[in-house]
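Comments concern the structure below.
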Amino acid sequence: MELRSRVPEGPLAEKWERYRSEIKLVNPANKLKHHVIVVGSGLAGASAAASLAELGYTVSCFCFQDSPRRAHSIAAQGGINAAKNYQNDGDSVFRLFYDTVKGGDFRSREANVYRLAEISARIIDQCTAQGVPFAREYGGLLANRSFGGVQVSRTFYARGQTGQQLLLGAYQALERQVGVGRVTMYPRTEMLDLVVVDGRARGIVVRDLVTGAVASHVADAVVLATGGYSNVYYLSTNAKGCNVTAIWRAYRRGAAFANPCFTQIHPTCIPVTGHHQSKLTLMSESLRNDGRIWVPKKKGDTRPPQQIPEAERDYYLERVYPSYGNLVPRDVASRRAKDVCDEGRGVGPGGFGVYLDFADAIARLGRHVIAERYGNLFEMYERITAENPFDTPMRIYPAPHYTMGGLWVDYNLMTTLDGLYAIGEANYSDHGANRLGASALMQGLADGYFILPYTIGDYLAQAKLGKVGTDHAAFRQVEREVSERVDRLLTARGRKTPDAFHRDLGRLMWDKCGMSRNAPGLKQALAKVADMREEFSRNVYIGGKGEDFNQTLEHAGRVADFFELAELMCRDALHREESCGSHFREEFQTPEGEAKRDDARFGYVAAWEYTGAGNEPALNKEPLEFAVVHPAQRSYA
Amino acid sequence: MRFTLHVWRQSGPRDPGRFVRYDVTDISPDMSFLEMLDVLNQQLLGRQQSPIAFDHDCREGICGACGMVINGRPHGPRQATTTCQLHLRTFSDGAELWIEPWRARAFPVIKDLVVDRRAFDRIIAAGGFITARTGSAPEANSTLVPKRDADLAMDAAACIGCGACVAACPNASAMLFVAAKVSHLGLLPQGQPERGTRVVNMVSQMDTEGFGACTNHGECMAACPKEISIDFIARLNRDYLKATLAPKPPVKEFTGAA
């Protein structure tokens with residue numbers, strides 16, 4: 001497999017402009033004849049589907065939820081970054097670019113990140129025009145807040161519901177196109193496979209989640225905007241339905257999967273309370289603007305937080321990282337939280353928690369200011385824990401949140417399969433080994449509104465696509481395979497539910513391929529996952545039938561793919577004998593316990609290629625060349 | 001904790017449906033309501049019985065997927081709380097709970113507690129947007145929005161589209177849902193050009209979908225997990241009146257692309 005990044009020539013700052021001037025365009029009259037499938041309706045999918053339809057393409061959009069508005073982008077809380085420099089604090093396109101490359105621990109592609117920073121400002125313009133009610137200052141100007149890993153204030157927000165408001169903006173643009181018949185929306189429809197004809201992606205096979213009917217859809221290009229795979233850990237901040245199936249099936253059809261082991265563990269989530277827990281809830285990173293993180297200095301100190309005097313508290317982030325303090329990047333904050341808990345200084349039941357304390361901010365700014373900034377987050381915290389953060393510090397602990405890994409894409413966001421695109425969290429591109437806060441929304445919308453609509457036109461203008469219908473042999477074949485897979489799951493009739501298997505897999509992955517990893521643990525995990533997979537195929541119980549609304553069956557299909565992904569994640573983590581960003585190999589750390597990169601050996605994107613069932617995947621490498629920034633040991637001290 | 005549950009079971013749209021009793025025990029007060037149903041469903045599967053179908057996704061109270069009527073109240077007894085964020089410590093031990101789907105003609109039951117809410121999407125498609133073609137936006141700070149207006153627009157925009165307002169309304173009206181969107185967009189300067197057509201088209205679609213009329217019961221606001229105010233309904237009525245009494249009332253226009 002050849003990995004061609006297709007990065008345009010020229011100086012970094014001129015690449016995107018030059019590219020846009022040189023690409024091939026599709027004649028307006030011909031756009032209608034081109035059919036594009038978009039799978040997923042989150043920020044990336046909805047913005048892409050709406051923008052493509054506005055351009056005149058015929059679009060079909062699919063989501064497994066009952067409405068496109070429910071995609072998990074809706075749960076993003078804190079904000080969206082943009083290099084507007086409205087605060088006059090020295091921000092610039094270059095600085096946002098630099099922060100993102102550095103935050104990602106120098107494992108992303110320079111040209112893509114620069115383009116992202118360049119586009120960021122237009123996203124705010126676009127969303128404001130759509131009526132996204134961003135927070136305002138009294139004079140009517142847009143307001144900003146700070147986020148982790150940066151020293152400027154460039155984050156735009158809508159209370160603690162920024163993702164919701166941005167998604168509703170994109171959803172409304174999408175529905176507008178549905179209303180005029182330019183987009184056909186397929187809710188409660190799950191993509192179960194990709195169809196490749198003559199080496200090009202030409203369609204998908206889906207299951208109608210209400211009737212269970214399996215059907216094919218043909219297109220000239222397929223866009224996967226299906227999000228990340230943090231649910232491989234079972235407990236994560238993702239919605240229950242989030243899954244890897246679409247991109248995993250694309251991988252099995254020939255799209256390379258890049259850096260699967262780069263998974264972000266978010267530092268500020270509500271700790272686990274018991275074995276019944278079905279998911280973890282994030283508390284926005286924006287809380288670290290005003291909250292101070294601490295644990296008792298003494299091990300096993302069980303006094304209530306108010307009774308621990310100032311001198312006996314360890315504000316460990318402020319102590320270790322004086323210049324960034326509580327606003328260090330997520331990977332660093334998470335790892336340090338784990339360290340202090342592993343030392344026995346964690347708080348709350350089980351000792352897996354640290355305090356996030358607002359007492360100082362309330363004293364300094366007043367209760368009403370804190371209530372205005374974080375009121376809804378405080379309420380959410382209180383509903384879940386029955387504790388009021390105004391009176392007692394929050395308890396937080398890291399949890400799986402975002403996956404930087406995903407399908408490998410070139411500069412055009414096209415995967416290694418012609419005609420197959422991956423956008424948003426589903427691709428691997430811009431965040432390297434660690435994503436900065438408020439950058440996921442930025443990337444999803446940059447991909448969907450401003451990048452893909454151009455790059456896909458360049459492909460469609462040149463691809464000479466033969467006429468293909470759902471009666472084509474390739475579609476028939478894939479439909480058969482999908483139906484057989486569904487039947488196999490149903491006929492196992494074992495004794496263990498998909499949920500029980502999923503919990504077991506999640507615990508294993510959290511222990512062995514979570515916040516820190518080591519070679520023996522990863523090898524154990526590889527062996528164990530193989531055993532679990534085998535047991536799953538034999539002993540899963542689903543019940544009901546395929547031609548029905550069957551949520552257990554939906555879950556089982558997703559778990560089956562998570563098993564396969566888990567193996568690839570462990571394999572990737574094992575092969576990467578360095579630490580970088582979120583990927584922390586215990587064998588490779590600095591004396592201060594920071595991630596120690598090995599640029600000479602691992603300064604590349606690992607793109608894994610499927611080589612058939614039972615075979616080891618092939619490793620392809622895209623070397624990362626840094627022409628403008630110089631990779632250095634990240635320092636936030 | 002232990003509970004006696006009476007859960008609405010309906011195998012499909014044509015099945016008349018009925019309540020089925022389940023006793024659940026060993027329930028932690030820290031569990032969410034949906035986690036209790038998860039536990040019950042795992043037990044049902046263990047006995048090779050069909051699990052209870054219900055919609056849910058984010059379990060953080062923001063996606064709007066979940067929702068069931070608990071003891072006659074959409075999303076249950078706790079104010080400003082979705083079903084997924086409702087914890088069992090809210091209930092007394094041994095309580096008897098009746099669990100039903102949203103009931104409204106415009107929300108047909110698909111299975112058990114799952115209903116079809118696509119009518120909401122069609123209302124948005126009819127006019128619940130600001131036409132802002134990608135790439136055409138002016139510099140964001142070129143339009144100032146007073147903080148008061150932006151905050152009020154955000155209050156309305158907080159709607160999660162769950163449908164509790166419809167389930168709570170004796171007329172199964174969707175007025176609060178529609179009013180929230182009409183107000184959110186109508187409060188902003190960007191939303192002014194389409195303000196009249198928007199409200200007329202959305203209300204017309206709401207009627208087509210079979211939602212009832214608003215007769216000011218206020219149950220919607222009481223049930224709304226985001227505490228959207230019925231003041232927005234007054235705002236909708238004002239906009240609607242203004243639009244329809246105008247010398248040239250807006251007609252359903254072509255508002256799409258190209």
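We label chains A, B, ... in the order they appear in the structure tokens, count residues from 1 in each chain, and number ligands from 1 in the order shown.
Residue-level contact on chain B: within 6 Å of chain A, counting only C-alpha atoms, the set is B:Asp57, B:Cys58, B:Cys63, B:Ala125, B:Phe129, B:Ile130, B:Ala132, B:Ala137, B:Glu139, B:Ala140, B:Asn141, B:Leu144, B:Val145, B:Pro146, B:Lys147, B:Ala150, B:Met154, B:Gly256, B:Ala257.
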### Nearby residues (only C-alpha atoms) at most 7 Å from A:Gly437, same-chain spacing under 4 positions excluded, as a PyMOL selection string
chain A and resi 147-148+285
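For the residues A:Arg288, A:Ala600, A:Met404, A:Pro322, ranking by smallest atom-to-atom distance to A:Phe358 using only C-alpha atoms places A:Arg288 first.
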#### Entry: Expected answer as number ranges by chain: strand (DSSP E) residues in stretch 50-194 of chain B
B: 69-70, 73-74, 96-100, 109-111, 114-115
### Task
Considering only C-alpha atoms, return as a list of chain:residue names whatever protein or nucleic-acid residues lie within 8 Å of B:Ile70, sequence-local ones (same chain, fewer than 3 positions apart) excluded.
B:Arg73, B:Pro74, B:His75, B:Gly76, B:Pro77, B:Leu97, B:Trp98, B:Ile99, B:Glu100
### Query
Contacts of B:Met202 at 10 Å or less, counting only C-alpha atoms, minus same-chain residues fewer than 3 places along, as number ranges by chain?
B: 120, 122-128, 178-179, 181-182, 197-199, 205-208, 252
### Task
as a count of residues only, list the residues of stretch 18-249 of chain B assigned to alpha helix (DSSP H) by DSSP on the backbone atoms of this structure.
86
Excluding stretch 26-41 of chain B and its own-chain neighbours fewer than 2 positions away, which residues fall within 6 Å of it when counting only C-alpha atoms? Please give them as an mmCIF file with N, CA and C atoms, in the first residue's frame.
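Output file part_5.cif is given in full below:
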data_model
loop_
_atom_site.group_PDB
_atom_site.id
_atom_site.type_symbol
_atom_site.label_atom_id
_atom_site.label_comp_id
_atom_site.auth_asym_id
_atom_site.auth_seq_id
_atom_site.Cartn_x
_atom_site.Cartn_y
_atom_site.Cartn_z
ATOM 1 N N MET B 1 -32.217 -1.023 47.170
ATOM 2 C CA MET B 1 -33.601 -0.625 47.003
ATOM 3 C C MET B 1 -34.337 -1.661 46.151
ATOM 4 N N GLN B 43 -31.488 -9.176 33.075
ATOM 5 C CA GLN B 43 -32.169 -10.312 33.703
ATOM 6 C C GLN B 43 -33.158 -10.954 32.739
ATOM 7 N N LEU B 44 -33.881 -10.116 31.990
ATOM 8 C CA LEU B 44 -34.848 -10.665 31.029
ATOM 9 C C LEU B 44 -34.128 -11.498 29.977
ATOM 10 N N PRO B 51 -36.146 -8.108 25.985
ATOM 11 C CA PRO B 51 -35.868 -6.920 26.807
ATOM 12 C C PRO B 51 -36.772 -5.759 26.432
ATOM 13 N N CYS B 84 -32.617 10.001 31.803
ATOM 14 C CA CYS B 84 -31.275 9.425 31.976
ATOM 15 C C CYS B 84 -30.540 10.029 33.163
ATOM 16 N N LEU B 86 -32.158 10.997 35.905
ATOM 17 C CA LEU B 86 -33.008 10.794 37.078
ATOM 18 C C LEU B 86 -32.407 9.648 37.885
ATOM 19 N N HIS B 87 -32.041 9.916 39.114
ATOM 20 C CA HIS B 87 -31.423 8.861 39.912
ATOM 21 C C HIS B 87 -32.422 8.268 40.896
ATOM 22 N N LEU B 88 -32.172 7.034 41.235
ATOM 23 C CA LEU B 88 -33.194 6.320 41.999
ATOM 24 C C LEU B 88 -33.305 6.804 43.427
ATOM 25 N N ARG B 89 -32.321 7.590 43.876
ATOM 26 C CA ARG B 89 -32.440 8.168 45.214
ATOM 27 C C ARG B 89 -33.617 9.134 45.300
#
### Distance query B:Ala234 at most 12 Å, only C-alpha atoms, self and fewer than 5 positions along chain excluded, as a PyMOL selection string
chain B and resi 175-176+178-180+182-183+214-216+218+229+239-241
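Comparing B:Lys242, B:Asp121, B:Leu188, B:Gln49 by their smallest distance to A:Met185, the closest is B:Asp121 (using only C-alpha atoms).
Picture a line from atom CA of A:Val218 to atom CA of A:Tyr19; it runs 29.0 Å.
From atom CA of A:Phe64 back to atom CA of A:Gly424, the distance works out to 17.0 Å.
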### Query
Could you state the separation of atom CA of B:Arg47 and atom CA of A:Ala492 in Å, given to one decimal place?
15.9 Å
Near B:Arg103, within 9 Å and counting only C-alpha atoms, which residues show up once chain neighbours fewer than 6 positions away are dropped, as a PDB file with N, CA and C atoms, in the first residue's frame?
ATOM      1  N   VAL B  69     -42.783   8.235  30.305  1.00  0.00           N
ATOM      2  CA  VAL B  69     -43.683   8.792  31.304  1.00  0.00           C
ATOM      3  C   VAL B  69     -43.601   7.908  32.541  1.00  0.00           C
ATOM      4  N   VAL B 109     -46.082   4.835  18.408  1.00  0.00           N
ATOM      5  CA  VAL B 109     -45.186   3.903  19.103  1.00  0.00           C
ATOM      6  C   VAL B 109     -44.545   2.961  18.084  1.00  0.00           C
ATOM      7  N   VAL B 115     -40.851   5.716  20.592  1.00  0.00           N
ATOM      8  CA  VAL B 115     -41.809   6.356  19.683  1.00  0.00           C
ATOM      9  C   VAL B 115     -41.078   7.010  18.516  1.00  0.00           C
ATOM     10  N   VAL B 166     -44.852  17.612  24.527  1.00  0.00           N
ATOM     11  CA  VAL B 166     -45.996  17.025  23.816  1.00  0.00           C
ATOM     12  C   VAL B 166     -46.663  15.972  24.697  1.00  0.00           C
ATOM     13  N   ALA B 167     -45.819  15.154  25.331  1.00  0.00           N
ATOM     14  CA  ALA B 167     -46.355  14.084  26.175  1.00  0.00           C
ATOM     15  C   ALA B 167     -47.116  14.653  27.367  1.00  0.00           C
ATOM     16  N   ALA B 168     -46.686  15.817  27.857  1.00  0.00           N
ATOM     17  CA  ALA B 168     -47.319  16.395  29.044  1.00  0.00           C
ATOM     18  C   ALA B 168     -48.615  17.116  28.708  1.00  0.00           C
ATOM     19  N   ALA B 172     -51.676  17.232  23.410  1.00  0.00           N
ATOM     20  CA  ALA B 172     -50.510  16.776  22.657  1.00  0.00           C
ATOM     21  C   ALA B 172     -50.065  17.849  21.657  1.00  0.00           C
TER      22      ALA B 172
END
